[in-house]
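Printed here is run.tsv (TSV, C-alpha atoms):
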chain	number	residue	atom	x	y	z
A	27	MET	CA	135.87	96.19	93.17
A	28	GLY	CA	134.86	99.19	91.10
A	29	TYR	CA	131.52	100.88	90.98
A	30	LEU	CA	130.80	99.97	87.35
A	31	LEU	CA	131.57	96.29	87.90
A	32	LEU	CA	129.34	96.17	90.98
A	33	LYS	CA	126.56	98.01	89.16
A	34	HIS	CA	126.70	95.65	86.17
A	35	LEU	CA	126.77	92.60	88.42
A	36	HIS	CA	123.83	93.96	90.40
A	37	VAL	CA	121.77	94.65	87.27
A	38	THR	CA	122.66	91.21	85.86
A	39	PHE	CA	121.57	89.45	89.07
A	40	VAL	CA	118.39	91.57	89.18
A	41	THR	CA	117.56	90.53	85.62
A	42	ILE	CA	118.19	86.85	86.34
A	43	SER	CA	116.08	87.13	89.49
A	44	ILE	CA	112.99	88.65	87.86
A	45	VAL	CA	113.16	86.44	84.78
A	46	GLY	CA	113.42	83.39	87.04
A	47	PHE	CA	110.57	84.58	89.26
A	48	ALA	CA	108.33	85.33	86.28
A	49	LEU	CA	109.11	81.93	84.78
A	50	ARG	CA	108.39	80.13	88.06
A	51	GLY	CA	105.11	82.04	88.25
A	52	ILE	CA	104.15	80.90	84.77
A	53	TRP	CA	105.06	77.34	85.72
A	54	MET	CA	102.89	77.70	88.83
A	55	LEU	CA	99.96	78.91	86.73
A	56	THR	CA	100.34	76.02	84.28
A	57	ASP	CA	100.98	73.37	86.95
A	58	SER	CA	104.32	72.55	85.37
A	59	PRO	CA	106.33	69.77	87.01
A	60	LEU	CA	109.45	71.88	86.35
A	61	LEU	CA	108.55	73.97	89.40
A	62	ASN	CA	109.48	71.02	91.64
A	63	ARG	CA	112.94	70.43	90.17
A	64	LEU	CA	115.84	70.83	92.61
A	65	TRP	CA	117.74	73.30	90.42
A	66	VAL	CA	114.62	75.49	90.17
A	67	ARG	CA	114.52	75.73	93.95
A	68	VAL	CA	118.29	76.20	94.47
A	69	ILE	CA	119.42	78.60	91.72
A	70	PRO	CA	117.19	81.51	92.84
A	71	HIS	CA	118.73	81.40	96.32
A	72	VAL	CA	122.28	81.41	94.91
A	73	ASN	CA	121.45	84.26	92.53
A	74	ASP	CA	119.66	86.29	95.20
A	75	THR	CA	122.63	85.88	97.57
A	76	LEU	CA	124.93	87.25	94.86
A	77	LEU	CA	122.40	90.02	94.18
A	78	LEU	CA	122.37	91.01	97.84
A	79	ALA	CA	126.19	90.96	97.97
A	80	ALA	CA	126.40	93.23	94.92
A	81	ALA	CA	123.74	95.55	96.40
A	82	SER	CA	125.65	95.72	99.69
A	83	GLY	CA	128.86	96.49	97.82
A	84	LEU	CA	127.14	99.28	95.88
A	85	SER	CA	125.71	100.70	99.09
A	86	ILE	CA	129.19	100.84	100.61
A	87	VAL	CA	130.90	102.24	97.50
A	88	LEU	CA	128.21	104.90	97.01
A	89	GLN	CA	127.87	105.53	100.76
A	90	GLN	CA	124.10	105.32	100.37
A	91	TYR	CA	122.59	103.36	103.25
A	92	PRO	CA	119.11	102.18	104.26
A	93	PHE	CA	117.50	104.24	107.01
A	94	VAL	CA	119.87	107.10	106.13
A	95	HIS	CA	118.91	107.71	102.50
A	96	GLY	CA	115.20	107.56	101.70
A	97	TRP	CA	115.44	105.99	98.27
A	98	VAL	CA	117.62	103.12	99.56
A	99	THR	CA	115.22	102.59	102.46
A	100	ALA	CA	112.33	102.47	99.97
A	101	LYS	CA	114.16	99.81	97.95
A	102	VAL	CA	114.68	97.68	101.07
A	103	ILE	CA	111.01	97.99	102.07
A	104	GLY	CA	109.99	97.16	98.50
A	105	LEU	CA	112.31	94.16	98.59
A	106	LEU	CA	110.71	92.89	101.79
A	107	ALA	CA	107.28	93.23	100.16
A	108	TYR	CA	108.55	91.42	97.03
A	109	ILE	CA	109.91	88.56	99.14
A	110	GLY	CA	106.69	88.26	101.16
A	111	PHE	CA	104.44	88.36	98.12
A	112	GLY	CA	106.75	85.92	96.33
A	113	MET	CA	106.58	83.39	99.16
A	114	PHE	CA	102.79	83.33	98.98
A	115	ALA	CA	102.83	83.33	95.18
A	116	LEU	CA	105.02	80.28	94.76
A	117	ARG	CA	104.53	78.22	97.90
A	118	ARG	CA	102.09	79.33	100.57
A	119	GLY	CA	99.04	80.56	98.68
A	120	ARG	CA	96.10	78.22	99.32
A	121	SER	CA	94.62	78.40	95.83
A	122	LYS	CA	95.87	79.20	92.36
A	123	ALA	CA	93.79	82.41	92.38
A	124	VAL	CA	95.44	83.55	95.62
A	125	ARG	CA	98.91	82.60	94.34
A	126	THR	CA	98.22	84.50	91.10
A	127	GLY	CA	97.25	87.63	93.05
A	128	PHE	CA	100.41	87.44	95.13
A	129	TRP	CA	102.50	86.79	91.99
A	130	LEU	CA	101.10	89.95	90.40
A	131	ALA	CA	101.69	91.89	93.65
A	132	ALA	CA	105.30	90.65	93.70
A	133	LEU	CA	105.79	91.77	90.09
A	134	ALA	CA	104.34	95.19	90.98
A	135	SER	CA	106.72	95.40	93.97
A	136	PHE	CA	109.61	94.59	91.68
A	137	ALA	CA	108.55	97.32	89.24
A	138	TYR	CA	108.40	99.78	92.15
A	139	ILE	CA	111.92	98.81	93.29
A	140	VAL	CA	113.28	99.35	89.79
A	141	SER	CA	111.51	102.70	89.50
A	142	VAL	CA	113.02	103.82	92.81
A	143	ALA	CA	116.48	102.73	91.63
A	144	LEU	CA	116.09	104.65	88.36
A	145	THR	CA	114.70	107.84	89.91
A	146	LYS	CA	116.68	107.73	93.19
A	147	ASP	CA	113.40	108.87	94.76
A	148	PRO	CA	111.28	106.91	97.27
A	149	ARG	CA	108.19	107.76	95.22
A	150	GLY	CA	109.64	105.83	92.29
A	151	PHE	CA	107.54	106.06	89.13
A	152	LEU	CA	105.18	108.45	90.91
A	153	ALA	CA	108.02	111.02	91.03
A	154	TRP	CA	108.44	110.63	87.28
A	155	LEU	CA	104.68	111.05	86.71
A	156	GLN	CA	104.59	114.11	88.95
A	157	ALA	CA	107.57	115.71	87.15
A	158	ARG	CA	105.97	114.97	83.80
A	159	SER	CA	102.64	116.43	84.96
A	160	ALA	CA	104.37	119.56	86.29
A	161	ALA	CA	106.10	120.00	82.94
A	162	GLY	CA	102.72	119.95	81.20
A	163	GLY	CA	103.25	116.73	79.30

As structure tokens, how would this structure be written, given the file I've shared?
Amino acid sequence: MGYLLLKHLHVTFVTISIVGFALRGIWMLTDSPLLNRLWVRVIPHVNDTLLLAAASGLSIVLQQYPFVHGWVTAKVIGLLAYIGFGMFALRRGRSKAVRTGFWLAALASFAYIVSVALTKDPRGFLAWLQARSAAGG
């Protein structure tokens, strides 16, 4: 499977994942009964499995591995944070306020992961800000 196909699949699954997570968070905030539907609980797991498979394929094709390349390691650590925050946001948080805080933390973790992917730097968006600051703009 070629690099471009894997990359496009990965980005597609990432997009589906974050849109689904954001939507489930909104449903959590509004106490929507849709959050308890079977398909709402199953589809994210299927998508995230495909996302992980595409990510693994990209890692192999690019020969960029966690714990060898800093930016890939940062993405994995960010992913673990996203998963942990997401669990408390959608299921384990004791109150809606706590779940909302974890939902926002998960969204921030996701933004960090994307910024690391775009910059190929473990600092993510901070690397971009630092480069911009150094350039005087």

Hey, which bits of range 115-162 of chain A sit within 6 Å of range 85-98 of chain A, and for each residue what's the closest pair of atoms and how far apart in Å (one decimal), counting only C-alpha atoms, rows by chain and increasing number, as a tab-separated table?
residue	atom	partner	partner_atom	distance
A:Lys146	CA	A:Trp97	CA	5.5
A:Asp147	CA	A:Trp97	CA	5.0
A:Pro148	CA	A:Trp97	CA	4.4

Item checked: Distance criterion (all atoms listed in the file): nearest to Ser121 in chain A out of A:Gly28, A:Val40, A:Met54, A:Ala48 ->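 That would be A:Met54, the residue with the smallest distance to Ser121 in chain A.
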
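Distances from A:Val68, A:Ile44, A:Val37, A:Ala100 to Arg149 in chain A were compared using only C-alpha atoms, and the smallest one belongs to A:Ala100.
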
Do you know which residues are at most 12 Å from His71 in chain A counting all atoms listed in the file, after dropping those on the same chain fewer than 2 positions away, and could you put them as a PDB file with C-alpha atoms, in the coordinates of the input?
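What ended up in part-v9.pdb:
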ATOM      1  CA  PHE A  39     121.570  89.450  89.070  1.00  0.00           C
ATOM      2  CA  ILE A  42     118.190  86.850  86.340  1.00  0.00           C
ATOM      3  CA  SER A  43     116.080  87.130  89.490  1.00  0.00           C
ATOM      4  CA  GLY A  46     113.420  83.390  87.040  1.00  0.00           C
ATOM      5  CA  PHE A  47     110.570  84.580  89.260  1.00  0.00           C
ATOM      6  CA  LEU A  64     115.840  70.830  92.610  1.00  0.00           C
ATOM      7  CA  TRP A  65     117.740  73.300  90.420  1.00  0.00           C
ATOM      8  CA  VAL A  66     114.620  75.490  90.170  1.00  0.00           C
ATOM      9  CA  ARG A  67     114.520  75.730  93.950  1.00  0.00           C
ATOM     10  CA  VAL A  68     118.290  76.200  94.470  1.00  0.00           C
ATOM     11  CA  ILE A  69     119.420  78.600  91.720  1.00  0.00           C
ATOM     12  CA  ASN A  73     121.450  84.260  92.530  1.00  0.00           C
ATOM     13  CA  ASP A  74     119.660  86.290  95.200  1.00  0.00           C
ATOM     14  CA  THR A  75     122.630  85.880  97.570  1.00  0.00           C
ATOM     15  CA  LEU A  76     124.930  87.250  94.860  1.00  0.00           C
ATOM     16  CA  LEU A  77     122.400  90.020  94.180  1.00  0.00           C
ATOM     17  CA  LEU A  78     122.370  91.010  97.840  1.00  0.00           C
ATOM     18  CA  ILE A 109     109.910  88.560  99.140  1.00  0.00           C
TER      19      ILE A 109
END

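One finds CA of Leu61 in chain A at 18.0 Å from CA of Leu133 in chain A.
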
Item checked: Proximity to Thr99 in chain A - best of A:Leu144, A:Ala160, A:Ile139, A:Leu31, all atoms listed in the file ->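 Ranking A:Leu144, A:Ala160, A:Ile139, A:Leu31 by distance to Thr99 in chain A, first place goes to A:Ile139.
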
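Of the residues under consideration (A:Arg158, A:Leu32, A:Phe151, A:Ala137), A:Leu32 shows the shortest atom-to-atom contact distance to Ser82 in chain A when counting only C-alpha atoms.
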
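The environment of Thr126 in chain A within 9 Å, counting all atoms listed in the file and disregarding residues fewer than 2 places along the same chain, consists of Gly51, Met54, Leu55, Ala115, Leu116, Gly119, Ser121, Lys122, Ala123, Val124, Phe128, Trp129, Leu130 and Ala131 of chain A.
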
Next item on the list: Rounded to one decimal place, report the CA of Leu84 in chain A-CA of Ala153 in chain A distance in Å.
Entry: 23.0 Å

Margin query: Please determine, counting all atoms listed in the file, which residue among A:Ala79, A:Ala132, A:Leu155, A:Leu49 has the shortest atom-to-atom distance to Gly112 in chain A.
Written below: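 Ranking A:Ala79, A:Ala132, A:Leu155, A:Leu49 by distance to Gly112 in chain A, first place goes to A:Ala132.
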
Next item on the list: Would you mind telling me which residue in A:Thr41, A:Arg117, A:Ser141, A:Ser135 lies nearest to Asn62 in chain A when using all atoms listed in the file?
Entry: A:Arg117
